[in-house]
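Here is the file target_2.txt (compact mmCIF, C-alpha atoms and all ligand atoms).
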```
# COMPACT_ATOMS: atom_id res chain seq x y z
CA MET A 1 -76.47 29.63 -160.51
CA ALA A 2 -76.68 26.57 -162.75
CA ALA A 3 -72.89 26.53 -163.03
CA ALA A 4 -72.54 26.81 -159.26
CA ARG A 5 -75.03 23.97 -158.78
CA ASN A 6 -72.86 21.84 -161.08
CA LEU A 7 -69.74 22.84 -159.09
CA ASN A 8 -68.39 24.61 -162.15
CA ALA A 9 -68.42 28.06 -160.54
CA GLY A 10 -67.97 29.25 -157.02
CA PHE A 11 -66.08 31.47 -154.65
CA PRO A 12 -62.32 30.91 -154.34
CA GLN A 13 -60.83 30.29 -150.90
CA GLY A 14 -59.41 33.58 -149.69
CA GLY A 15 -61.37 35.59 -152.26
CA SER A 16 -59.54 37.63 -154.87
CA LEU A 17 -56.41 38.02 -152.74
CA GLY A 18 -56.34 34.28 -151.97
CA LEU A 19 -56.58 33.56 -155.68
CA ALA A 20 -53.90 36.13 -156.54
CA ARG A 21 -51.58 34.68 -153.88
CA SER A 22 -52.14 31.22 -155.30
CA VAL A 23 -51.19 32.38 -158.82
CA GLU A 24 -48.20 34.26 -157.38
CA HIS A 25 -47.05 31.15 -155.49
CA ARG A 26 -47.36 28.94 -158.56
CA TYR A 27 -45.53 31.43 -160.79
CA THR A 28 -42.64 32.04 -158.39
CA SER A 29 -42.30 28.32 -157.63
CA LEU A 30 -41.74 27.79 -161.38
CA GLY A 31 -38.96 30.40 -161.29
CA GLY A 32 -40.99 33.49 -162.22
CA GLU A 33 -40.17 36.85 -160.69
CA ILE A 34 -42.68 39.59 -159.91
CA SER A 35 -41.93 43.28 -159.33
CA TYR A 36 -44.72 45.01 -157.44
CA ARG A 37 -45.34 48.76 -157.50
CA ALA A 38 -43.61 48.94 -160.87
CA ARG A 39 -45.70 51.01 -163.25
CA VAL A 40 -44.89 50.63 -166.94
CA GLU A 41 -44.78 53.99 -168.74
CA ARG A 42 -43.74 52.83 -172.17
CA ILE A 43 -43.30 49.68 -174.21
CA LEU A 44 -39.91 49.81 -175.91
CA VAL A 45 -40.02 49.09 -179.63
CA GLU A 46 -37.13 48.65 -182.05
CA ASP A 47 -37.56 47.96 -185.78
CA GLY A 48 -41.21 46.94 -185.37
CA ARG A 49 -40.48 44.58 -182.48
CA ALA A 50 -41.29 45.05 -178.77
CA ILE A 51 -38.04 44.63 -176.87
CA GLY A 52 -39.00 45.54 -173.29
CA VAL A 53 -40.62 48.07 -171.01
CA GLU A 54 -39.68 51.33 -169.36
CA LEU A 55 -40.96 51.93 -165.83
CA LYS A 56 -42.11 55.16 -164.24
CA ASN A 57 -38.81 55.40 -162.33
CA GLY A 58 -36.90 55.23 -165.62
CA GLU A 59 -35.72 51.62 -165.21
CA ARG A 60 -35.69 49.60 -168.41
CA HIS A 61 -36.32 45.87 -168.58
CA TYR A 62 -35.64 43.96 -171.78
CA ALA A 63 -37.46 40.85 -172.97
CA ASP A 64 -37.73 38.39 -175.87
CA HIS A 65 -41.49 38.79 -175.78
CA VAL A 66 -43.71 41.34 -174.03
CA VAL A 67 -47.27 40.56 -172.87
CA SER A 68 -49.45 43.42 -171.71
CA ALA A 69 -52.19 42.32 -169.30
CA CYS A 70 -53.41 45.75 -168.20
CA ASP A 71 -55.96 48.21 -169.54
CA GLY A 72 -56.39 47.88 -173.32
CA ARG A 73 -56.78 51.54 -174.17
CA THR A 74 -53.73 52.48 -172.06
CA THR A 75 -51.68 49.75 -173.73
CA VAL A 76 -52.59 50.71 -177.29
CA TYR A 77 -52.71 54.50 -177.05
CA ARG A 78 -50.36 55.41 -174.21
CA LEU A 79 -47.77 52.68 -173.75
CA LEU A 80 -47.51 52.17 -177.53
CA GLU A 81 -48.51 55.74 -178.47
CA GLY A 82 -51.27 54.58 -180.84
CA ARG A 83 -48.76 53.42 -183.48
CA TYR A 84 -50.04 49.84 -183.85
CA THR A 85 -53.75 49.86 -184.45
CA GLY A 86 -56.02 48.43 -187.11
CA PRO A 87 -59.72 48.33 -187.94
CA ARG A 88 -60.58 45.96 -185.08
CA ILE A 89 -58.64 47.90 -182.45
CA ASP A 90 -60.09 51.19 -183.73
CA ARG A 91 -63.61 49.77 -183.66
CA LEU A 92 -63.19 48.73 -180.02
CA TYR A 93 -61.39 51.73 -178.63
CA GLN A 94 -62.69 54.56 -180.84
CA ASP A 95 -66.33 53.49 -181.24
CA LEU A 96 -67.59 50.67 -179.05
CA ILE A 97 -66.00 51.86 -175.81
CA HIS A 98 -68.32 54.89 -175.99
CA GLU A 99 -71.47 52.89 -176.76
CA PRO A 100 -73.76 52.39 -173.78
CA GLY A 101 -74.00 48.78 -172.63
CA THR A 102 -70.67 47.64 -174.12
CA LEU A 103 -68.52 47.95 -171.00
CA PHE A 104 -69.35 46.64 -167.57
CA PRO A 105 -69.91 49.71 -165.45
CA ALA A 106 -67.93 50.60 -162.36
CA VAL A 107 -69.19 50.11 -158.82
CA VAL A 108 -69.17 51.91 -155.52
CA SER A 109 -68.07 49.50 -152.79
CA VAL A 110 -68.97 50.23 -149.18
CA PHE A 111 -67.18 47.89 -146.78
CA LEU A 112 -68.35 47.71 -143.18
CA GLY A 113 -66.36 46.17 -140.34
CA ILE A 114 -68.92 44.92 -137.82
CA ASP A 115 -68.72 43.69 -134.26
CA GLY A 116 -70.40 40.24 -134.51
CA GLU A 117 -72.39 39.00 -137.49
CA LEU A 118 -74.69 41.24 -139.55
CA ASP A 119 -77.66 38.97 -138.84
CA ALA A 120 -76.77 38.33 -135.15
CA GLY A 121 -79.84 37.58 -133.03
CA ARG A 122 -81.98 36.32 -135.92
CA ASP A 123 -83.55 32.86 -135.73
CA THR A 124 -82.34 31.86 -139.18
CA ALA A 125 -79.19 33.03 -140.92
CA ASP A 126 -79.63 35.44 -143.83
CA PRO A 127 -78.28 34.41 -147.25
CA HIS A 128 -74.63 35.38 -147.70
CA CYS A 129 -75.57 37.59 -150.67
CA THR A 130 -78.80 39.52 -151.25
CA THR A 131 -79.70 41.97 -154.01
CA TYR A 132 -82.24 44.51 -152.76
CA LEU A 133 -84.37 46.18 -155.43
CA LEU A 134 -84.89 49.79 -154.38
CA PRO A 135 -87.66 52.28 -155.09
CA ALA A 136 -86.47 55.09 -157.38
CA GLU A 137 -86.34 57.70 -154.57
CA GLN A 138 -84.16 55.48 -152.40
CA ALA A 139 -81.81 54.58 -155.27
CA ALA A 140 -81.43 58.29 -156.04
CA GLU A 141 -80.00 58.83 -152.55
CA LEU A 142 -76.96 56.72 -153.45
CA PRO A 143 -74.45 59.12 -155.03
CA GLY A 144 -73.79 58.43 -158.71
CA SER A 145 -76.12 55.43 -158.77
CA LEU A 146 -76.81 53.81 -162.16
CA GLN A 147 -79.23 51.14 -161.01
CA ARG A 148 -82.08 50.76 -158.61
CA SER A 149 -80.50 48.05 -156.50
CA LEU A 150 -77.99 47.42 -153.74
CA VAL A 151 -76.07 44.17 -153.28
CA VAL A 152 -75.28 43.20 -149.68
CA GLN A 153 -72.72 40.45 -149.21
CA GLN A 154 -71.70 38.97 -145.87
CA ARG A 155 -68.13 38.56 -147.06
CA SER A 156 -66.67 36.92 -143.96
CA GLN A 157 -69.08 34.02 -144.48
CA TYR A 158 -67.43 33.22 -147.83
CA SER A 159 -64.04 32.25 -146.50
CA ASP A 160 -61.95 32.22 -143.32
CA GLY A 161 -59.59 35.05 -142.52
CA PHE A 162 -61.61 37.99 -143.83
CA ALA A 163 -62.22 39.40 -140.34
CA PRO A 164 -60.73 38.89 -136.86
CA PRO A 165 -62.57 36.40 -134.58
CA GLY A 166 -65.92 37.80 -133.40
CA LYS A 167 -66.00 40.41 -136.18
CA SER A 168 -67.38 40.35 -139.70
CA VAL A 169 -67.08 42.20 -143.00
CA VAL A 170 -70.03 43.25 -145.12
CA HIS A 171 -69.50 44.44 -148.69
CA CYS A 172 -72.26 46.53 -150.28
CA THR A 173 -72.09 47.51 -153.95
CA TYR A 174 -74.05 49.42 -156.52
CA PHE A 175 -73.27 50.17 -160.17
CA SER A 176 -72.13 53.74 -160.42
CA ASP A 177 -71.20 56.40 -162.95
CA HIS A 178 -67.45 56.76 -163.39
CA ALA A 179 -67.62 60.29 -164.82
CA TYR A 180 -69.58 61.51 -161.78
CA TRP A 181 -66.81 60.46 -159.36
CA LYS A 182 -63.87 61.25 -161.60
CA THR A 183 -65.10 64.82 -162.21
CA LEU A 184 -65.85 65.32 -158.55
CA ARG A 185 -62.44 64.08 -157.44
CA GLY A 186 -60.66 66.24 -160.01
CA ARG A 187 -62.65 69.34 -159.06
CA ASP A 188 -62.81 69.31 -155.28
CA ARG A 189 -61.28 66.64 -153.06
CA ARG A 190 -63.31 67.67 -149.99
CA GLU A 191 -66.55 67.50 -151.91
CA TYR A 192 -65.51 64.10 -153.26
CA ARG A 193 -64.93 62.81 -149.73
CA ALA A 194 -68.27 64.26 -148.64
CA HIS A 195 -69.95 62.19 -151.37
CA LYS A 196 -68.08 59.09 -150.23
CA GLN A 197 -69.31 59.79 -146.73
CA ARG A 198 -72.84 60.17 -148.11
CA ALA A 199 -72.60 56.76 -149.79
CA ALA A 200 -71.49 55.32 -146.43
CA ASP A 201 -74.33 57.06 -144.58
CA VAL A 202 -77.03 55.92 -147.03
CA VAL A 203 -75.84 52.30 -146.92
CA ARG A 204 -75.56 52.37 -143.12
CA GLY A 205 -79.10 53.81 -142.84
CA PHE A 206 -80.40 51.15 -145.23
CA LEU A 207 -78.84 48.34 -143.20
CA GLU A 208 -79.93 49.85 -139.88
CA GLN A 209 -83.54 49.63 -141.07
CA ARG A 210 -83.14 45.91 -141.70
CA TYR A 211 -80.86 45.17 -138.75
CA PRO A 212 -81.97 47.48 -135.89
CA GLY A 213 -79.13 48.29 -133.50
CA LEU A 214 -76.47 47.65 -136.15
CA ARG A 215 -75.27 51.27 -136.00
CA GLU A 216 -73.64 50.71 -132.59
CA ARG A 217 -71.82 47.63 -133.87
CA ILE A 218 -70.10 49.24 -136.88
CA ASP A 219 -66.37 49.59 -136.18
CA LEU A 220 -65.20 50.85 -139.56
CA ILE A 221 -66.47 51.92 -142.97
CA GLU A 222 -64.34 52.12 -146.12
CA VAL A 223 -65.67 53.40 -149.45
CA ALA A 224 -64.10 52.73 -152.86
CA THR A 225 -65.52 54.62 -155.84
CA PRO A 226 -65.10 54.09 -159.60
CA ALA A 227 -62.30 56.70 -159.38
CA THR A 228 -60.58 54.58 -156.71
CA MET A 229 -60.95 51.52 -158.91
CA GLU A 230 -59.37 53.31 -161.85
CA ARG A 231 -56.49 54.62 -159.73
CA TYR A 232 -55.66 51.21 -158.28
CA THR A 233 -56.16 48.97 -161.33
CA GLY A 234 -55.77 51.33 -164.29
CA ASN A 235 -58.97 49.95 -165.86
CA SER A 236 -60.62 52.51 -168.18
CA GLN A 237 -63.67 54.14 -166.63
CA GLY A 238 -63.12 51.97 -163.54
CA SER A 239 -64.87 49.14 -165.41
CA ILE A 240 -65.00 46.02 -163.26
CA LEU A 241 -64.92 43.45 -166.08
CA ALA A 242 -64.12 45.37 -169.33
CA TRP A 243 -66.12 44.24 -172.41
CA LYS A 244 -69.48 42.59 -171.93
CA ALA A 245 -70.12 39.23 -173.53
CA PHE A 246 -72.99 39.37 -176.08
CA SER A 247 -72.34 43.11 -176.60
CA GLY A 248 -71.11 44.61 -179.88
CA ALA A 249 -67.54 44.00 -178.63
CA ASP A 250 -68.00 40.23 -178.41
CA ASP A 251 -67.44 39.46 -182.12
CA VAL A 252 -64.56 41.91 -182.45
CA VAL A 253 -62.69 40.52 -179.43
CA THR A 254 -63.26 36.95 -180.64
CA LYS A 255 -61.56 37.91 -183.92
CA LEU A 256 -58.69 39.53 -182.04
CA ILE A 257 -58.10 36.16 -180.41
CA ASN A 258 -58.85 33.77 -183.29
CA ARG A 259 -57.59 35.75 -186.28
CA ASP A 260 -55.09 38.27 -184.90
CA ARG A 261 -53.74 35.74 -182.38
CA MET A 262 -53.74 38.41 -179.67
CA ARG A 263 -51.17 40.52 -181.55
CA LEU A 264 -51.32 44.11 -182.78
CA PRO A 265 -50.87 44.97 -186.47
CA GLY A 266 -47.24 45.71 -187.37
CA LEU A 267 -45.75 44.85 -183.99
CA ALA A 268 -43.75 41.66 -183.45
CA GLY A 269 -42.74 40.23 -180.07
CA PHE A 270 -45.87 41.49 -178.36
CA SER A 271 -49.22 40.06 -177.17
CA MET A 272 -52.19 41.41 -175.27
CA ALA A 273 -53.96 39.39 -172.59
CA GLY A 274 -56.38 40.06 -169.71
CA HIS A 275 -60.04 41.00 -169.76
CA TRP A 276 -59.61 43.74 -172.39
CA ALA A 277 -58.29 41.10 -174.78
CA SER A 278 -60.81 38.43 -173.89
CA LEU A 279 -64.12 39.89 -172.57
CA GLY A 280 -64.92 40.29 -168.92
CA GLY A 281 -64.50 37.92 -166.01
CA LEU A 282 -61.79 36.13 -164.22
CA ILE A 283 -61.98 32.85 -166.10
CA ARG A 284 -61.80 34.46 -169.53
CA ALA A 285 -59.01 36.80 -168.37
CA ALA A 286 -57.02 33.84 -167.05
CA SER A 287 -57.56 31.75 -170.17
CA SER A 288 -56.39 34.68 -172.33
CA GLY A 289 -52.94 34.33 -170.74
CA ARG A 290 -52.93 30.69 -171.74
CA PHE A 291 -53.97 31.54 -175.32
CA ALA A 292 -51.20 34.14 -175.61
CA VAL A 293 -48.62 31.54 -174.52
CA GLN A 294 -50.09 28.84 -176.77
CA TYR A 295 -49.74 31.14 -179.80
CA LEU A 296 -46.21 32.04 -178.74
CA CYS A 297 -45.21 28.37 -178.34
CA GLU A 298 -46.59 27.64 -181.79
CA GLU A 299 -44.58 30.50 -183.25
CA LEU A 300 -41.40 29.31 -181.54
CA GLY A 301 -42.03 25.67 -182.46
CA LEU A 302 -42.25 24.68 -178.81
CA GLU A 303 -44.69 22.21 -177.29
CA PHE A 304 -47.25 23.94 -175.04
CA ARG A 305 -47.42 22.16 -171.70
CA ALA A 306 -49.67 22.72 -168.68
CA TRP A 307 -49.74 20.68 -165.52
CA GLU A 308 -51.32 20.93 -162.09
CA SER A 309 -49.35 22.21 -159.17
CA ASP A 310 -48.09 19.54 -156.76
CA ASP A 311 -48.60 21.93 -153.83
CA GLN A 312 -50.73 19.86 -151.44
CA GLU A 313 -50.92 22.41 -148.60
CA PRO A 314 -54.61 23.14 -147.94
CA TRP A 315 -55.61 26.77 -148.05
CA HIS A 316 -55.51 28.65 -144.74
CA PRO A 317 -55.79 32.36 -143.88
CA GLY A 318 -52.01 32.55 -143.31
CA ARG A 319 -51.65 32.23 -147.07
CA LEU A 320 -53.17 35.70 -147.48
CA GLY A 321 -49.78 36.99 -146.32
CA HIS A 322 -49.13 40.62 -145.46
CA LEU A 323 -52.22 42.83 -145.67
CA PRO A 324 -51.16 46.39 -146.44
CA GLN A 325 -53.34 49.26 -145.26
CA LEU A 326 -54.00 51.00 -148.57
CA ALA A 327 -56.70 53.54 -147.76
CA ARG A 328 -55.64 56.95 -146.48
CA TRP A 329 -59.18 58.04 -145.72
CA SER A 330 -62.06 56.22 -143.99
CA ALA A 331 -65.70 57.24 -143.69
CA THR A 332 -66.92 58.08 -140.20
CA ALA A 333 -68.51 54.94 -138.76
C1 LIG B 1 -65.98 44.35 -157.37
C2 LIG B 1 -65.67 43.36 -158.46
C3 LIG B 1 -66.34 42.14 -158.51
C4 LIG B 1 -66.04 41.21 -159.50
N1 LIG B 1 -66.70 40.01 -159.49
C5 LIG B 1 -66.38 39.06 -160.39
C6 LIG B 1 -66.97 37.77 -160.34
O1 LIG B 1 -67.79 37.48 -159.46
N2 LIG B 1 -66.61 36.86 -161.28
C7 LIG B 1 -65.69 37.13 -162.25
O2 LIG B 1 -65.37 36.26 -163.07
N3 LIG B 1 -65.09 38.35 -162.32
C8 LIG B 1 -65.42 39.30 -161.42
N4 LIG B 1 -64.81 40.54 -161.47
C9 LIG B 1 -63.95 40.85 -162.62
C10 LIG B 1 -62.56 40.29 -162.51
O3 LIG B 1 -62.01 40.67 -161.27
C11 LIG B 1 -61.74 40.89 -163.66
O4 LIG B 1 -62.35 40.59 -164.91
C12 LIG B 1 -60.32 40.30 -163.66
O5 LIG B 1 -59.66 40.61 -162.44
C13 LIG B 1 -59.51 40.87 -164.82
O6 LIG B 1 -58.20 40.41 -164.70
P1 LIG B 1 -57.05 41.11 -165.52
O7 LIG B 1 -55.79 40.41 -165.10
O8 LIG B 1 -57.41 41.15 -166.96
O9 LIG B 1 -57.03 42.64 -165.05
P2 LIG B 1 -56.83 43.29 -163.62
O10 LIG B 1 -57.27 42.35 -162.54
O11 LIG B 1 -57.45 44.63 -163.71
O12 LIG B 1 -55.24 43.41 -163.50
C14 LIG B 1 -54.51 44.38 -164.20
C15 LIG B 1 -53.22 44.60 -163.45
O13 LIG B 1 -52.37 45.44 -164.21
C16 LIG B 1 -51.77 46.38 -163.34
N5 LIG B 1 -51.43 47.55 -164.15
C17 LIG B 1 -52.27 48.45 -164.74
N6 LIG B 1 -51.57 49.38 -165.42
C18 LIG B 1 -50.26 49.05 -165.28
C19 LIG B 1 -49.04 49.64 -165.75
N7 LIG B 1 -49.01 50.74 -166.51
N8 LIG B 1 -47.86 49.06 -165.37
C20 LIG B 1 -47.86 47.94 -164.60
N9 LIG B 1 -48.97 47.34 -164.13
C21 LIG B 1 -50.17 47.90 -164.47
C22 LIG B 1 -52.84 46.68 -162.31
O14 LIG B 1 -52.25 47.20 -161.14
C23 LIG B 1 -53.42 45.28 -162.10
O15 LIG B 1 -52.72 44.57 -161.12
C24 LIG B 1 -65.08 41.51 -160.48
C25 LIG B 1 -64.39 42.73 -160.44
C26 LIG B 1 -64.68 43.64 -159.43
C27 LIG B 1 -63.91 44.93 -159.41
```
Here is the file; what I need is its structure written in the form of structure tokens.
Amino acid sequence: MAAARNLNAGFPQGGSLGLARSVEHRYTSLGGEISYRARVERILVEDGRAIGVELKNGERHYADHVVSACDGRTTVYRLLEGRYTGPRIDRLYQDLIHEPGTLFPAVVSVFLGIDGELDAGRDTADPHCTTYLLPAEQAAELPGSLQRSLVVQQRSQYSDGFAPPGKSVVHCTYFSDHAYWKTLRGRDRREYRAHKQRAADVVRGFLEQRYPGLRERIDLIEVATPATMERYTGNSQGSILAWKAFSGADDVVTKLINRDRMRLPGLAGFSMAGHWASLGGLIRAASSGRFAVQYLCEELGLEFRAWESDDQEPWHPGRLGHLPQLARWSATA
């Protein structure tokens, strides 16, 4: 809150997609190319040097230098088959990852599409984000809940373009147990969906108590679980921000950056970036990409340069681009 007051933290225009589009635009305008829906299955290594990647469809892409910016455990143990580890990597991925409080947990997200504003008819507008502390019995009603609280965010008040005119989007989250959802989904898909529906029903009932009449104004409910999060992003245990700062992982990750220069033991031509290589949060994840390139420039004897984009076009919802419909299942509104 102090950082926000000092205008050093805030909410990006267009939210996470707006930010991603902005990075995409900058990268492609500098000549970068992006392949979407291209899952890497293997990092190709020759004589102790990473030389490229192999995709799920068998395509191979070769490179002078490979940077992995996805899940750390997947990178080290699956894409590189666990061949390039050392005491620091082992400490993180064999020990600390299992220690409670080291990883940010996963969340259940319940999104509601509402006709009008959530707080329509009230004399004063509600805050755009409220954390409700719940009694134990009420928290226990939320499937897989890890905490006695529910965060309610009026998302369409953050930025334009999140909902059609006259409609709004509310995003409700609670920290939730990954194993609970993962096991359920693996065991019985119908049961899993029933639990998603239950999360939707509990949240809807909770909001209805605070906003009487809301029930009739809900057009749509979508639920994403920790299992959804893992499927879409690949992050271990569906963790939303990987390692926690000030946890046991903090010192180890700092050494991976400062001493190991974001490289793995015995593997040339390869760096790791992203929140598994830098601790959680967007800013740290983004700066880890810069560090990886700074180290690479130093190694190649090149000057590291960074400059602001000269794109002057103000942000507008059109910049969100195409919005694909990803979910195949919705809760009953
Ligand atoms: C609900 C929620 C709220 C959050 N709120 C905040 C906040 O308020 N402030 C904040 O700072 N941070 C927040 N975060 C955390 C922040 O979003 C993450 O720390 C950040 O996005 C991490 O960026 P990353 O690039 O390291 O990883 P990711 O954003 O996870 O990106 C990894 C990418 O790699 C891709 N990928 C994975 N496996 C493969 C593979 N095998 N082949 C090819 N591609 C692959 C994935 O599809 C994904 O696009 C939040 C996260 C969530 C989920």
message = Which residues are near ligand LIG 1 (chain B) - at most 7 Å, using all atoms listed in the file? Format: as an NGL selection string.
response = :A and (38-41 or 69-71 or 107 or 232-235 or 240-242 or 273-276 or 280-283 or 285-286)
remark   = Min atom-atom distance to Phe206 in chain A from the set A:Leu142, A:Leu30, A:Ala224, A:Leu17, counting all atoms listed in the file, belongs to A:Leu142
Shortest interatomic distance to Ala106 in chain A - which of A:Ser271, A:Thr228, A:Ser278, A:Ser309, counting only C-alpha atoms = A:Thr228
request  = Name all residues at most 8 Å from Gln153 in chain A (count only C-alpha atoms; drop same-chain ones fewer than 3 positions away) and give them as a ChimeraX atom specification.
outcome  = /A:128-130,170-172
note = What separates CA of Val110 in chain A and CA of Glu222 in chain A is a distance of 5.9 Å
request  = Identify the residues around (-58.3, 39.6, -153.4) within a radius of 12 Å, measuring from all atoms listed in the file in the coordinates stated by the file, and give them as a PyMOL selection string.
outcome  = chain A and resi 11-23+155+159+161-162+282+319-321+323
Could the residues in this selection be written to a file with C-alpha atoms, as a tab-separated table (two decimals), in the frame of the given file?
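As written to disk, result_20.tsv reads:
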```tsv
chain	number	residue	atom	x	y	z
A	11	PHE	CA	-66.08	31.47	-154.65
A	12	PRO	CA	-62.32	30.91	-154.34
A	13	GLN	CA	-60.83	30.29	-150.90
A	14	GLY	CA	-59.41	33.58	-149.69
A	15	GLY	CA	-61.37	35.59	-152.26
A	16	SER	CA	-59.54	37.63	-154.87
A	17	LEU	CA	-56.41	38.02	-152.74
A	18	GLY	CA	-56.34	34.28	-151.97
A	19	LEU	CA	-56.58	33.56	-155.68
A	20	ALA	CA	-53.90	36.13	-156.54
A	21	ARG	CA	-51.58	34.68	-153.88
A	22	SER	CA	-52.14	31.22	-155.30
A	23	VAL	CA	-51.19	32.38	-158.82
A	155	ARG	CA	-68.13	38.56	-147.06
A	159	SER	CA	-64.04	32.25	-146.50
A	161	GLY	CA	-59.59	35.05	-142.52
A	162	PHE	CA	-61.61	37.99	-143.83
A	282	LEU	CA	-61.79	36.13	-164.22
A	319	ARG	CA	-51.65	32.23	-147.07
A	320	LEU	CA	-53.17	35.70	-147.48
A	321	GLY	CA	-49.78	36.99	-146.32
A	323	LEU	CA	-52.22	42.83	-145.67
```
remark   = One decimal place gives the CA of Ala2 in chain A-CA of Ser145 in chain A separation as 29.1 Å
Given 3 Å of margin on each side, can you work out the centre and size in Å (one decimal) of an axis-aligned box holding every listed atom of range 26-45 of chain A, as JSON?
```
{"center_x": -43.2, "center_y": 40.9, "center_z": -168.5, "size_x": 14.4, "size_y": 32.2, "size_z": 28.2}
```
message = Which residue is closest to Thr173 in chain A? Choose from A:Gly82, A:Pro265, A:Gly318, A:Pro143 and count all atoms listed in the file.
response = A:Pro143
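Residue nearest Gly144 in chain A within the list A:Gly121, A:Pro105, A:Gly301, A:Gly10: A:Pro105 [criterion: smallest interatomic distance, all atoms listed in the file].
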ask   = What lies within 10 Å of range 88-97 of chain A using all atoms listed in the file, ignoring chain neighbours under 5 positions off, as a list in words?
value =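 Counting all atoms listed in the file, the residues come to Gly72, Arg73, Val76, Tyr77, Gly82, Thr102, Leu103, Ser236, Gln237, Ala242, Trp243, Ser247, Gly248, Ala249, Asp250, Asp251, Val252, Val253, Lys255, Leu256, Asp260, Leu264, Pro265 and Trp276 of chain A.
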Residue neighbourhood Ile51 in chain A, 7 Å, all atoms listed in the file, exclusion window fewer than 4 positions, as a JSON list (two decimals) with C-alpha atoms, keeping the file's coordinate frame:
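In the end it all went to result-v5.json:
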```json
[["chain", "number", "residue", "atom", "x", "y", "z"],
["A", 44, "LEU", "CA", -39.91, 49.81, -175.91],
["A", 45, "VAL", "CA", -40.02, 49.09, -179.63],
["A", 46, "GLU", "CA", -37.13, 48.65, -182.05],
["A", 62, "TYR", "CA", -35.64, 43.96, -171.78],
["A", 63, "ALA", "CA", -37.46, 40.85, -172.97],
["A", 64, "ASP", "CA", -37.73, 38.39, -175.87],
["A", 65, "HIS", "CA", -41.49, 38.79, -175.78]]
```
inquiry  = Give me the residues near range 196-203 of chain A as a PyMOL selection string, where near means some atom within 9 Å (using only C-alpha atoms) and where sequence neighbours in that chain fewer than 5 positions away do not count.
reply    = chain A and resi 108+110-112+138+141-143+150+172+191+208+221-225+330-333
inquiry  = Would you pick out the contacts of Ala50 in chain A at 8 Å or less, using only C-alpha atoms, so that residues sharing its chain but fewer than 6 positions from it are not included, and give the list as a list of chain:residue names?
reply    = A:Ile43, A:Leu44, A:His65, A:Val66, A:Leu267, A:Ala268, A:Gly269, A:Phe270
task = Calculate how many Å separate CA of Arg42 in chain A from CA of Thr85 in chain A, rounding to one decimal.
result =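 So the answer is 16.1 Å.
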Mind rebuilding range 13-22 of chain A with N, CA, C and O atoms and writing that out as a short mmCIF file (atom, residue, chain, number, x, y, z; two decimals), keeping the file's coordinate frame?
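Writing done, so here's part_2.cif:
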```
data_model
loop_
_atom_site.label_atom_id
_atom_site.label_comp_id
_atom_site.auth_asym_id
_atom_site.auth_seq_id
_atom_site.Cartn_x
_atom_site.Cartn_y
_atom_site.Cartn_z
N GLN A 13 -61.31 30.14 -152.28
CA GLN A 13 -60.83 30.29 -150.90
C GLN A 13 -59.96 31.54 -150.82
O GLN A 13 -59.09 31.74 -151.66
N GLY A 14 -60.23 32.38 -149.84
CA GLY A 14 -59.41 33.58 -149.69
C GLY A 14 -59.81 34.72 -150.60
O GLY A 14 -59.15 35.75 -150.62
N GLY A 15 -60.88 34.51 -151.39
CA GLY A 15 -61.37 35.59 -152.26
C GLY A 15 -60.34 35.97 -153.31
O GLY A 15 -59.48 35.17 -153.69
N SER A 16 -60.41 37.22 -153.77
CA SER A 16 -59.54 37.63 -154.87
C SER A 16 -58.07 37.63 -154.43
O SER A 16 -57.19 37.24 -155.21
N LEU A 17 -57.81 38.02 -153.18
CA LEU A 17 -56.41 38.02 -152.74
C LEU A 17 -55.89 36.59 -152.61
O LEU A 17 -54.76 36.29 -153.00
N GLY A 18 -56.74 35.69 -152.08
CA GLY A 18 -56.34 34.28 -151.97
C GLY A 18 -55.99 33.71 -153.33
O GLY A 18 -54.99 33.01 -153.50
N LEU A 19 -56.82 34.05 -154.32
CA LEU A 19 -56.58 33.56 -155.68
C LEU A 19 -55.28 34.15 -156.25
O LEU A 19 -54.44 33.44 -156.83
N ALA A 20 -55.11 35.47 -156.04
CA ALA A 20 -53.90 36.13 -156.54
C ALA A 20 -52.65 35.54 -155.89
O ALA A 20 -51.64 35.29 -156.56
N ARG A 21 -52.73 35.28 -154.58
CA ARG A 21 -51.58 34.68 -153.88
C ARG A 21 -51.27 33.30 -154.44
O ARG A 21 -50.12 32.89 -154.54
N SER A 22 -52.34 32.57 -154.77
CA SER A 22 -52.14 31.22 -155.30
C SER A 22 -51.43 31.26 -156.66
O SER A 22 -50.50 30.49 -156.93
#
```
